[in-house]
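A.B. asks: For reference, this is coords31.cif, and it has mmCIF, N, CA, C and O atoms.
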data_target
#
loop_
_atom_site.label_atom_id
_atom_site.label_comp_id
_atom_site.auth_asym_id
_atom_site.auth_seq_id
_atom_site.Cartn_x
_atom_site.Cartn_y
_atom_site.Cartn_z
N MET A 18 45.08 119.69 74.10
CA MET A 18 44.60 118.70 75.05
C MET A 18 45.33 117.39 74.87
O MET A 18 44.94 116.59 74.07
N SER A 19 46.36 117.18 75.63
CA SER A 19 47.07 115.94 75.43
C SER A 19 47.06 115.05 76.66
O SER A 19 47.34 113.88 76.55
N ASP A 20 46.76 115.59 77.84
CA ASP A 20 46.76 114.69 78.98
C ASP A 20 45.36 114.19 79.27
O ASP A 20 44.37 114.78 78.90
N SER A 21 45.31 113.03 79.94
CA SER A 21 44.02 112.38 80.16
C SER A 21 43.12 113.19 81.07
O SER A 21 41.90 113.11 80.96
N GLY A 22 43.69 114.01 81.97
CA GLY A 22 42.87 114.83 82.85
C GLY A 22 42.04 115.83 82.07
O GLY A 22 40.84 115.95 82.28
N SER A 23 42.67 116.54 81.15
CA SER A 23 41.92 117.51 80.37
C SER A 23 40.98 116.81 79.38
O SER A 23 39.91 117.33 79.07
N THR A 24 41.37 115.65 78.91
CA THR A 24 40.48 114.87 78.05
C THR A 24 39.23 114.50 78.83
O THR A 24 38.11 114.68 78.36
N GLU A 25 39.41 114.01 80.03
CA GLU A 25 38.29 113.62 80.87
C GLU A 25 37.38 114.82 81.17
O GLU A 25 36.16 114.69 81.16
N GLU A 26 37.98 115.96 81.43
CA GLU A 26 37.19 117.16 81.70
C GLU A 26 36.34 117.55 80.49
O GLU A 26 35.16 117.88 80.64
N LYS A 27 36.93 117.51 79.31
CA LYS A 27 36.19 117.89 78.10
C LYS A 27 35.10 116.85 77.80
O LYS A 27 34.00 117.21 77.39
N VAL A 28 35.40 115.57 78.01
CA VAL A 28 34.38 114.53 77.82
C VAL A 28 33.22 114.77 78.78
O VAL A 28 32.05 114.68 78.40
N THR A 29 33.54 115.12 80.02
CA THR A 29 32.50 115.41 81.01
C THR A 29 31.63 116.57 80.54
O THR A 29 30.40 116.52 80.64
N GLU A 30 32.25 117.62 80.02
CA GLU A 30 31.49 118.77 79.52
C GLU A 30 30.55 118.37 78.39
O GLU A 30 29.38 118.79 78.36
N ILE A 31 31.05 117.56 77.47
CA ILE A 31 30.22 117.14 76.33
C ILE A 31 29.09 116.22 76.79
O ILE A 31 27.94 116.40 76.38
N VAL A 32 29.39 115.28 77.66
CA VAL A 32 28.35 114.37 78.18
C VAL A 32 27.30 115.18 78.93
O VAL A 32 26.10 114.95 78.77
N ALA A 33 27.73 116.14 79.74
CA ALA A 33 26.79 116.97 80.49
C ALA A 33 25.90 117.76 79.54
O ALA A 33 24.68 117.86 79.75
N ASP A 34 26.49 118.29 78.49
CA ASP A 34 25.72 119.05 77.50
C ASP A 34 24.67 118.16 76.85
O ASP A 34 23.51 118.56 76.70
N VAL A 35 25.07 116.96 76.46
CA VAL A 35 24.14 116.02 75.82
C VAL A 35 23.00 115.66 76.78
O VAL A 35 21.84 115.57 76.37
N LEU A 36 23.34 115.49 78.06
CA LEU A 36 22.32 115.12 79.05
C LEU A 36 21.53 116.32 79.58
O LEU A 36 20.53 116.15 80.26
N GLY A 37 22.02 117.52 79.29
CA GLY A 37 21.38 118.70 79.85
C GLY A 37 21.61 118.80 81.34
O GLY A 37 20.72 119.19 82.10
N ALA A 38 22.81 118.43 81.77
CA ALA A 38 23.15 118.39 83.20
C ALA A 38 24.34 119.31 83.48
O ALA A 38 25.02 119.77 82.57
N ASP A 39 24.59 119.52 84.75
CA ASP A 39 25.76 120.26 85.20
C ASP A 39 26.94 119.30 85.20
O ASP A 39 26.85 118.21 85.77
N PRO A 40 28.07 119.67 84.60
CA PRO A 40 29.24 118.79 84.60
C PRO A 40 29.67 118.34 86.00
O PRO A 40 30.16 117.23 86.18
N ALA A 41 29.43 119.17 87.00
CA ALA A 41 29.79 118.83 88.38
C ALA A 41 28.97 117.65 88.91
O ALA A 41 29.36 117.01 89.88
N GLU A 42 27.85 117.38 88.27
CA GLU A 42 26.98 116.28 88.70
C GLU A 42 27.33 114.94 88.04
O GLU A 42 26.65 113.95 88.26
N ILE A 43 28.40 114.93 87.24
CA ILE A 43 28.76 113.71 86.51
C ILE A 43 30.14 113.24 86.95
O ILE A 43 31.15 113.69 86.41
N PRO A 44 30.19 112.32 87.92
CA PRO A 44 31.47 111.76 88.32
C PRO A 44 32.07 110.93 87.18
O PRO A 44 31.35 110.27 86.43
N ALA A 45 33.38 110.97 87.05
CA ALA A 45 34.06 110.28 85.95
C ALA A 45 33.81 108.78 85.95
O ALA A 45 33.82 108.15 84.90
N ASP A 46 33.57 108.21 87.12
CA ASP A 46 33.42 106.75 87.21
C ASP A 46 31.96 106.31 87.40
O ASP A 46 31.70 105.14 87.65
N ALA A 47 31.02 107.24 87.25
CA ALA A 47 29.60 106.89 87.40
C ALA A 47 29.05 106.29 86.12
O ALA A 47 29.36 106.76 85.02
N ALA A 48 28.22 105.27 86.27
CA ALA A 48 27.56 104.66 85.10
C ALA A 48 26.57 105.66 84.53
O ALA A 48 25.66 106.12 85.22
N LEU A 49 26.76 106.02 83.27
CA LEU A 49 25.91 107.02 82.64
C LEU A 49 24.47 106.56 82.48
O LEU A 49 23.55 107.37 82.48
N ALA A 50 24.26 105.26 82.37
CA ALA A 50 22.90 104.74 82.22
C ALA A 50 22.04 105.15 83.41
O ALA A 50 20.84 105.40 83.25
N GLY A 51 22.64 105.25 84.58
CA GLY A 51 21.91 105.66 85.77
C GLY A 51 21.53 107.13 85.75
O GLY A 51 20.78 107.59 86.60
N MET A 52 22.04 107.86 84.78
CA MET A 52 21.73 109.29 84.65
C MET A 52 20.82 109.57 83.47
O MET A 52 20.67 110.70 83.03
N GLY A 53 20.26 108.51 82.91
CA GLY A 53 19.34 108.67 81.78
C GLY A 53 20.00 108.55 80.41
O GLY A 53 19.38 108.83 79.41
N TRP A 54 21.25 108.11 80.37
CA TRP A 54 21.99 107.95 79.11
C TRP A 54 21.31 106.88 78.27
O TRP A 54 20.96 105.81 78.77
N ASN A 55 21.12 107.16 76.99
CA ASN A 55 20.52 106.17 76.10
C ASN A 55 21.28 106.15 74.77
O ASN A 55 22.26 106.88 74.59
N SER A 56 20.83 105.35 73.85
CA SER A 56 21.55 105.19 72.58
C SER A 56 21.57 106.48 71.76
O SER A 56 22.54 106.76 71.07
N MET A 57 20.53 107.27 71.85
CA MET A 57 20.52 108.55 71.11
C MET A 57 21.54 109.51 71.71
O MET A 57 22.25 110.20 70.97
N ASN A 58 21.64 109.54 73.05
CA ASN A 58 22.67 110.36 73.70
C ASN A 58 24.04 109.91 73.26
O ASN A 58 24.92 110.72 72.98
N SER A 59 24.22 108.62 73.21
CA SER A 59 25.51 108.04 72.84
C SER A 59 25.92 108.45 71.43
O SER A 59 27.07 108.84 71.19
N MET A 60 25.00 108.39 70.50
CA MET A 60 25.31 108.76 69.12
C MET A 60 25.65 110.25 69.01
O MET A 60 26.59 110.64 68.32
N GLU A 61 24.89 111.08 69.71
CA GLU A 61 25.16 112.52 69.70
C GLU A 61 26.54 112.81 70.30
O GLU A 61 27.34 113.56 69.73
N ALA A 62 26.83 112.18 71.44
CA ALA A 62 28.12 112.38 72.09
C ALA A 62 29.27 111.87 71.21
O ALA A 62 30.32 112.51 71.12
N LEU A 63 29.07 110.74 70.57
CA LEU A 63 30.10 110.18 69.69
C LEU A 63 30.49 111.19 68.62
O LEU A 63 31.68 111.46 68.40
N LEU A 64 29.52 111.78 67.97
CA LEU A 64 29.80 112.76 66.93
C LEU A 64 30.52 113.98 67.48
O LEU A 64 31.49 114.48 66.90
N LEU A 65 30.07 114.47 68.63
CA LEU A 65 30.70 115.65 69.25
C LEU A 65 32.13 115.36 69.69
O LEU A 65 33.03 116.18 69.51
N LEU A 66 32.34 114.18 70.28
CA LEU A 66 33.67 113.81 70.74
C LEU A 66 34.64 113.61 69.58
O LEU A 66 35.79 114.03 69.64
N GLU A 67 34.17 112.97 68.52
CA GLU A 67 35.03 112.78 67.35
C GLU A 67 35.44 114.13 66.76
O GLU A 67 36.59 114.32 66.36
N GLU A 68 34.51 115.06 66.74
CA GLU A 68 34.82 116.39 66.21
C GLU A 68 35.77 117.14 67.15
O GLU A 68 36.76 117.72 66.70
N GLU A 69 35.49 117.10 68.44
CA GLU A 69 36.31 117.82 69.42
C GLU A 69 37.75 117.34 69.45
O GLU A 69 38.69 118.13 69.51
N PHE A 70 37.92 116.02 69.43
CA PHE A 70 39.26 115.44 69.59
C PHE A 70 39.89 115.00 68.26
O PHE A 70 40.98 114.45 68.25
N THR A 71 39.20 115.22 67.16
CA THR A 71 39.68 114.83 65.84
C THR A 71 40.12 113.36 65.83
O THR A 71 41.26 113.04 65.49
N VAL A 72 39.20 112.51 66.24
CA VAL A 72 39.45 111.07 66.28
C VAL A 72 38.32 110.36 65.54
O VAL A 72 37.27 110.93 65.28
N ASP A 73 38.56 109.10 65.21
CA ASP A 73 37.55 108.25 64.60
C ASP A 73 37.38 107.06 65.53
O ASP A 73 38.20 106.15 65.53
N LEU A 74 36.33 107.11 66.35
CA LEU A 74 36.13 106.08 67.37
C LEU A 74 35.32 104.92 66.82
O LEU A 74 34.37 105.12 66.07
N ASP A 75 35.71 103.73 67.23
CA ASP A 75 34.97 102.52 66.87
C ASP A 75 33.63 102.53 67.59
O ASP A 75 33.59 102.66 68.83
N LEU A 76 32.55 102.43 66.86
CA LEU A 76 31.21 102.51 67.43
C LEU A 76 30.98 101.46 68.51
O LEU A 76 30.48 101.77 69.59
N ARG A 77 31.37 100.25 68.25
CA ARG A 77 31.16 99.17 69.23
C ARG A 77 31.94 99.44 70.51
O ARG A 77 31.41 99.28 71.61
N SER A 78 33.17 99.86 70.38
CA SER A 78 33.98 100.18 71.56
C SER A 78 33.40 101.36 72.33
O SER A 78 33.39 101.37 73.56
N PHE A 79 32.92 102.35 71.59
CA PHE A 79 32.34 103.52 72.25
C PHE A 79 31.10 103.13 73.04
O PHE A 79 30.91 103.58 74.16
N HIS A 80 30.23 102.30 72.45
CA HIS A 80 29.03 101.88 73.16
C HIS A 80 29.35 101.03 74.38
O HIS A 80 28.54 100.94 75.30
N ALA A 81 30.51 100.42 74.40
CA ALA A 81 30.92 99.61 75.56
C ALA A 81 31.50 100.47 76.67
O ALA A 81 31.75 99.98 77.77
N ALA A 82 31.73 101.74 76.41
CA ALA A 82 32.24 102.67 77.43
C ALA A 82 31.05 103.19 78.22
O ALA A 82 30.21 103.90 77.70
N TYR A 83 30.98 102.81 79.50
CA TYR A 83 29.81 103.14 80.31
C TYR A 83 30.01 104.35 81.21
O TYR A 83 29.08 104.80 81.86
N THR A 84 31.24 104.88 81.24
CA THR A 84 31.53 106.02 82.09
C THR A 84 32.33 107.06 81.32
O THR A 84 32.90 106.76 80.26
N VAL A 85 32.40 108.26 81.87
CA VAL A 85 33.21 109.31 81.27
C VAL A 85 34.68 108.87 81.24
O VAL A 85 35.37 109.07 80.24
N ALA A 86 35.14 108.25 82.31
CA ALA A 86 36.54 107.80 82.37
C ALA A 86 36.84 106.80 81.27
O ALA A 86 37.91 106.86 80.64
N GLU A 87 35.92 105.88 81.00
CA GLU A 87 36.13 104.90 79.94
C GLU A 87 36.12 105.56 78.57
O GLU A 87 36.90 105.19 77.69
N MET A 88 35.26 106.55 78.38
CA MET A 88 35.24 107.29 77.10
C MET A 88 36.55 108.04 76.90
O MET A 88 37.12 108.02 75.81
N ALA A 89 37.02 108.69 77.95
CA ALA A 89 38.28 109.45 77.86
C ALA A 89 39.44 108.51 77.55
O ALA A 89 40.30 108.83 76.73
N ALA A 90 39.45 107.34 78.18
CA ALA A 90 40.51 106.37 77.93
C ALA A 90 40.48 105.88 76.48
O ALA A 90 41.52 105.72 75.84
N LEU A 91 39.28 105.68 75.95
CA LEU A 91 39.14 105.25 74.56
C LEU A 91 39.66 106.33 73.61
O LEU A 91 40.36 106.03 72.64
N ILE A 92 39.37 107.57 73.91
CA ILE A 92 39.86 108.68 73.09
C ILE A 92 41.38 108.75 73.15
O ILE A 92 42.05 108.86 72.12
N GLU A 93 41.94 108.65 74.34
CA GLU A 93 43.40 108.70 74.50
C GLU A 93 44.06 107.54 73.76
O GLU A 93 45.08 107.71 73.10
N LYS A 94 43.47 106.36 73.86
CA LYS A 94 44.01 105.19 73.16
C LYS A 94 43.98 105.43 71.65
O LYS A 94 44.94 105.11 70.94
N ASN A 95 42.90 106.00 71.15
CA ASN A 95 42.79 106.29 69.73
C ASN A 95 43.82 107.32 69.30
O ASN A 95 44.42 107.19 68.24
N ARG A 96 44.04 108.32 70.12
CA ARG A 96 45.01 109.36 69.79
C ARG A 96 46.43 108.79 69.75
O ARG A 96 47.22 109.13 68.87
N VAL A 97 46.77 107.93 70.70
CA VAL A 97 48.09 107.32 70.75
C VAL A 97 48.27 106.42 69.53
O VAL A 97 49.30 106.45 68.87
N GLY A 98 47.26 105.62 69.20
CA GLY A 98 47.33 104.74 68.05
C GLY A 98 47.49 105.50 66.75
O GLY A 98 48.22 105.09 65.86
N ARG A 99 46.86 106.64 66.67
CA ARG A 99 46.94 107.46 65.46
C ARG A 99 48.33 108.04 65.28
O ARG A 99 48.85 108.08 64.18
N THR A 100 48.95 108.47 66.37
CA THR A 100 50.30 109.05 66.25
C THR A 100 51.36 108.00 66.06
O THR A 100 52.45 108.30 65.57
N ALA A 101 51.06 106.75 66.40
CA ALA A 101 52.05 105.68 66.25
C ALA A 101 52.10 105.15 64.83
O ALA A 101 53.05 104.47 64.45
N ARG A 102 51.10 105.46 64.02
CA ARG A 102 51.08 104.98 62.63
C ARG A 102 52.06 105.77 61.78
O ARG A 102 52.23 106.96 61.98
N PRO A 103 52.67 105.11 60.77
CA PRO A 103 53.60 105.83 59.89
C PRO A 103 52.90 106.82 58.99
O PRO A 103 51.79 106.75 58.66
#
Output the structure of this file as structure tokens.
C.D. replies:
Amino acid sequence: MSDSGSTEEKVTEIVADVLGADPAEIPADAALAGMGWNSMNSMEALLLLEEEFTVDLDLRSFHAAYTVAEMAALIEKNRVGRTARP
């Protein structure tokens, strides 16, 4: 999974699983709070996403991501930063 499209798809699957929803019901740019997203969902998703993508996400930055698209972008940014380090 190296392109942002597949990252976004996998993030959508994980978010849907955490919410108990159908991934098709979660638009990438929709505010998750409007779908019942809360801090417990966020913590569960954070752990699942870190495991899935083998990344270490900043908690504050992750909580500031209000949509699937923003979460996917944060993961991609983390992956790029990790490969750029010596």
A.B. asks: Which residues, written as a PyMOL selection string, have at least one atom at most 7 Å from Ala48 (chain A), with only N, CA, C and O atoms counted and residues fewer than 4 positions away on the same chain left out?
C.D. replies: chain A and resi 44+52-54+83-85
A.B. asks: Would you mind reading off the distance between atom O of Ala33 (chain A) and CA of Val97 (chain A), one decimal, in Å?
C.D. replies: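 Straight-line distance from atom O of Ala33 (chain A) to CA of Val97 (chain A) works out to 27.2 Å.
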A.B. asks: What residues come out when you apply the PyMOL selection byres ((chain A and resi 73) around 8) to this file, written as a list in words?
C.D. replies: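 This file, filtered by the PyMOL selection byres ((chain A and resi 73) around 8), leaves Leu63, Leu66, Glu67, Glu68, Phe70, Thr71, Val72, Leu74, Asp75, Leu76, Leu91, Ile92, Asn95 and Arg96 of chain A.
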A.B. asks: Nearest to Thr29 (chain A) among A:Ala82, A:Ala50, A:Ala89, A:Met60, with distances taken over all atoms listed in the file: which residue is it?
C.D. replies: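 That would be A:Ala89, the residue with the smallest distance to Thr29 (chain A).
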A.B. asks: Apply the PyMOL selection byres ((chain A and resi 35-42) around 8) to the file shown and report the selected residues as a list in words.
C.D. replies: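 Checked against the file, the PyMOL selection byres ((chain A and resi 35-42) around 8) matches Glu26, Val28, Thr29, Glu30, Ile31, Val32, Ala33, Asp34, Ile43, Pro44, Ala45, Ala47, Met52, Gly53, Trp54, Met57, Asn58, Ser59, Glu61 and Ala62 of chain A.
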A.B. asks: What's the separation between atom C of Glu69 (chain A) and atom O of Gly51 (chain A), in Å to one decimal place?
C.D. replies: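 Rounded to one decimal, the two atoms are 26.0 Å apart.
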A.B. asks: Please, what is the axis-aligned box for every listed atom of region 82-95 of chain A with 3 Å on each side, as centre and edge lengths in Å to one decimal, as JSON?
C.D. replies:
{"center_x": 37.1, "center_y": 105.6, "center_z": 75.3, "size_x": 22.0, "size_y": 13.7, "size_z": 20.1}
A.B. asks: Can you work out the spacing between atom C of Asn55 (chain A) and atom C of Ser78 (chain A) in Å, to one decimal?
C.D. replies: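 Separating atom C of Asn55 (chain A) from atom C of Ser78 (chain A) is a distance of 13.3 Å.
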A.B. asks: Could you give me, as a list in words, each residue of region 48-88 of chain A that DSSP assigns to alpha helix (DSSP H) when run on this structure's backbone?
C.D. replies: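 Selecting the alpha helix (DSSP H) positions of region 48-88 of chain A gives Ser56, Met57, Asn58, Ser59, Met60, Glu61, Ala62, Leu63, Leu64, Leu65, Leu66, Glu67, Glu68, Glu69, Phe70, Leu76, Arg77, Ser78, Phe79, His80, Val85, Ala86, Glu87 and Met88 of chain A.
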A.B. asks: Write to file, as a compact mmCIF listing (two decimals), in the coordinates of the input, the residues of the selection just made, with N, CA, C and O atoms.
C.D. replies:
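Saved the output as again22.txt:
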# COMPACT_ATOMS: atom_id res chain seq x y z
N SER A 56 20.83 105.35 73.85
CA SER A 56 21.55 105.19 72.58
C SER A 56 21.57 106.48 71.76
O SER A 56 22.54 106.76 71.07
N MET A 57 20.53 107.27 71.85
CA MET A 57 20.52 108.55 71.11
C MET A 57 21.54 109.51 71.71
O MET A 57 22.25 110.20 70.97
N ASN A 58 21.64 109.54 73.05
CA ASN A 58 22.67 110.36 73.70
C ASN A 58 24.04 109.91 73.26
O ASN A 58 24.92 110.72 72.98
N SER A 59 24.22 108.62 73.21
CA SER A 59 25.51 108.04 72.84
C SER A 59 25.92 108.45 71.43
O SER A 59 27.07 108.84 71.19
N MET A 60 25.00 108.39 70.50
CA MET A 60 25.31 108.76 69.12
C MET A 60 25.65 110.25 69.01
O MET A 60 26.59 110.64 68.32
N GLU A 61 24.89 111.08 69.71
CA GLU A 61 25.16 112.52 69.70
C GLU A 61 26.54 112.81 70.30
O GLU A 61 27.34 113.56 69.73
N ALA A 62 26.83 112.18 71.44
CA ALA A 62 28.12 112.38 72.09
C ALA A 62 29.27 111.87 71.21
O ALA A 62 30.32 112.51 71.12
N LEU A 63 29.07 110.74 70.57
CA LEU A 63 30.10 110.18 69.69
C LEU A 63 30.49 111.19 68.62
O LEU A 63 31.68 111.46 68.40
N LEU A 64 29.52 111.78 67.97
CA LEU A 64 29.80 112.76 66.93
C LEU A 64 30.52 113.98 67.48
O LEU A 64 31.49 114.48 66.90
N LEU A 65 30.07 114.47 68.63
CA LEU A 65 30.70 115.65 69.25
C LEU A 65 32.13 115.36 69.69
O LEU A 65 33.03 116.18 69.51
N LEU A 66 32.34 114.18 70.28
CA LEU A 66 33.67 113.81 70.74
C LEU A 66 34.64 113.61 69.58
O LEU A 66 35.79 114.03 69.64
N GLU A 67 34.17 112.97 68.52
CA GLU A 67 35.03 112.78 67.35
C GLU A 67 35.44 114.13 66.76
O GLU A 67 36.59 114.32 66.36
N GLU A 68 34.51 115.06 66.74
CA GLU A 68 34.82 116.39 66.21
C GLU A 68 35.77 117.14 67.15
O GLU A 68 36.76 117.72 66.70
N GLU A 69 35.49 117.10 68.44
CA GLU A 69 36.31 117.82 69.42
C GLU A 69 37.75 117.34 69.45
O GLU A 69 38.69 118.13 69.51
N PHE A 70 37.92 116.02 69.43
CA PHE A 70 39.26 115.44 69.59
C PHE A 70 39.89 115.00 68.26
O PHE A 70 40.98 114.45 68.25
N LEU A 76 32.55 102.43 66.86
CA LEU A 76 31.21 102.51 67.43
C LEU A 76 30.98 101.46 68.51
O LEU A 76 30.48 101.77 69.59
N ARG A 77 31.37 100.25 68.25
CA ARG A 77 31.16 99.17 69.23
C ARG A 77 31.94 99.44 70.51
O ARG A 77 31.41 99.28 71.61
N SER A 78 33.17 99.86 70.38
CA SER A 78 33.98 100.18 71.56
C SER A 78 33.40 101.36 72.33
O SER A 78 33.39 101.37 73.56
N PHE A 79 32.92 102.35 71.59
CA PHE A 79 32.34 103.52 72.25
C PHE A 79 31.10 103.13 73.04
O PHE A 79 30.91 103.58 74.16
N HIS A 80 30.23 102.30 72.45
CA HIS A 80 29.03 101.88 73.16
C HIS A 80 29.35 101.03 74.38
O HIS A 80 28.54 100.94 75.30
N VAL A 85 32.40 108.26 81.87
CA VAL A 85 33.21 109.31 81.27
C VAL A 85 34.68 108.87 81.24
O VAL A 85 35.37 109.07 80.24
N ALA A 86 35.14 108.25 82.31
CA ALA A 86 36.54 107.80 82.37
C ALA A 86 36.84 106.80 81.27
O ALA A 86 37.91 106.86 80.64
N GLU A 87 35.92 105.88 81.00
CA GLU A 87 36.13 104.90 79.94
C GLU A 87 36.12 105.56 78.57
O GLU A 87 36.90 105.19 77.69
N MET A 88 35.26 106.55 78.38
CA MET A 88 35.24 107.29 77.10
C MET A 88 36.55 108.04 76.90
O MET A 88 37.12 108.02 75.81
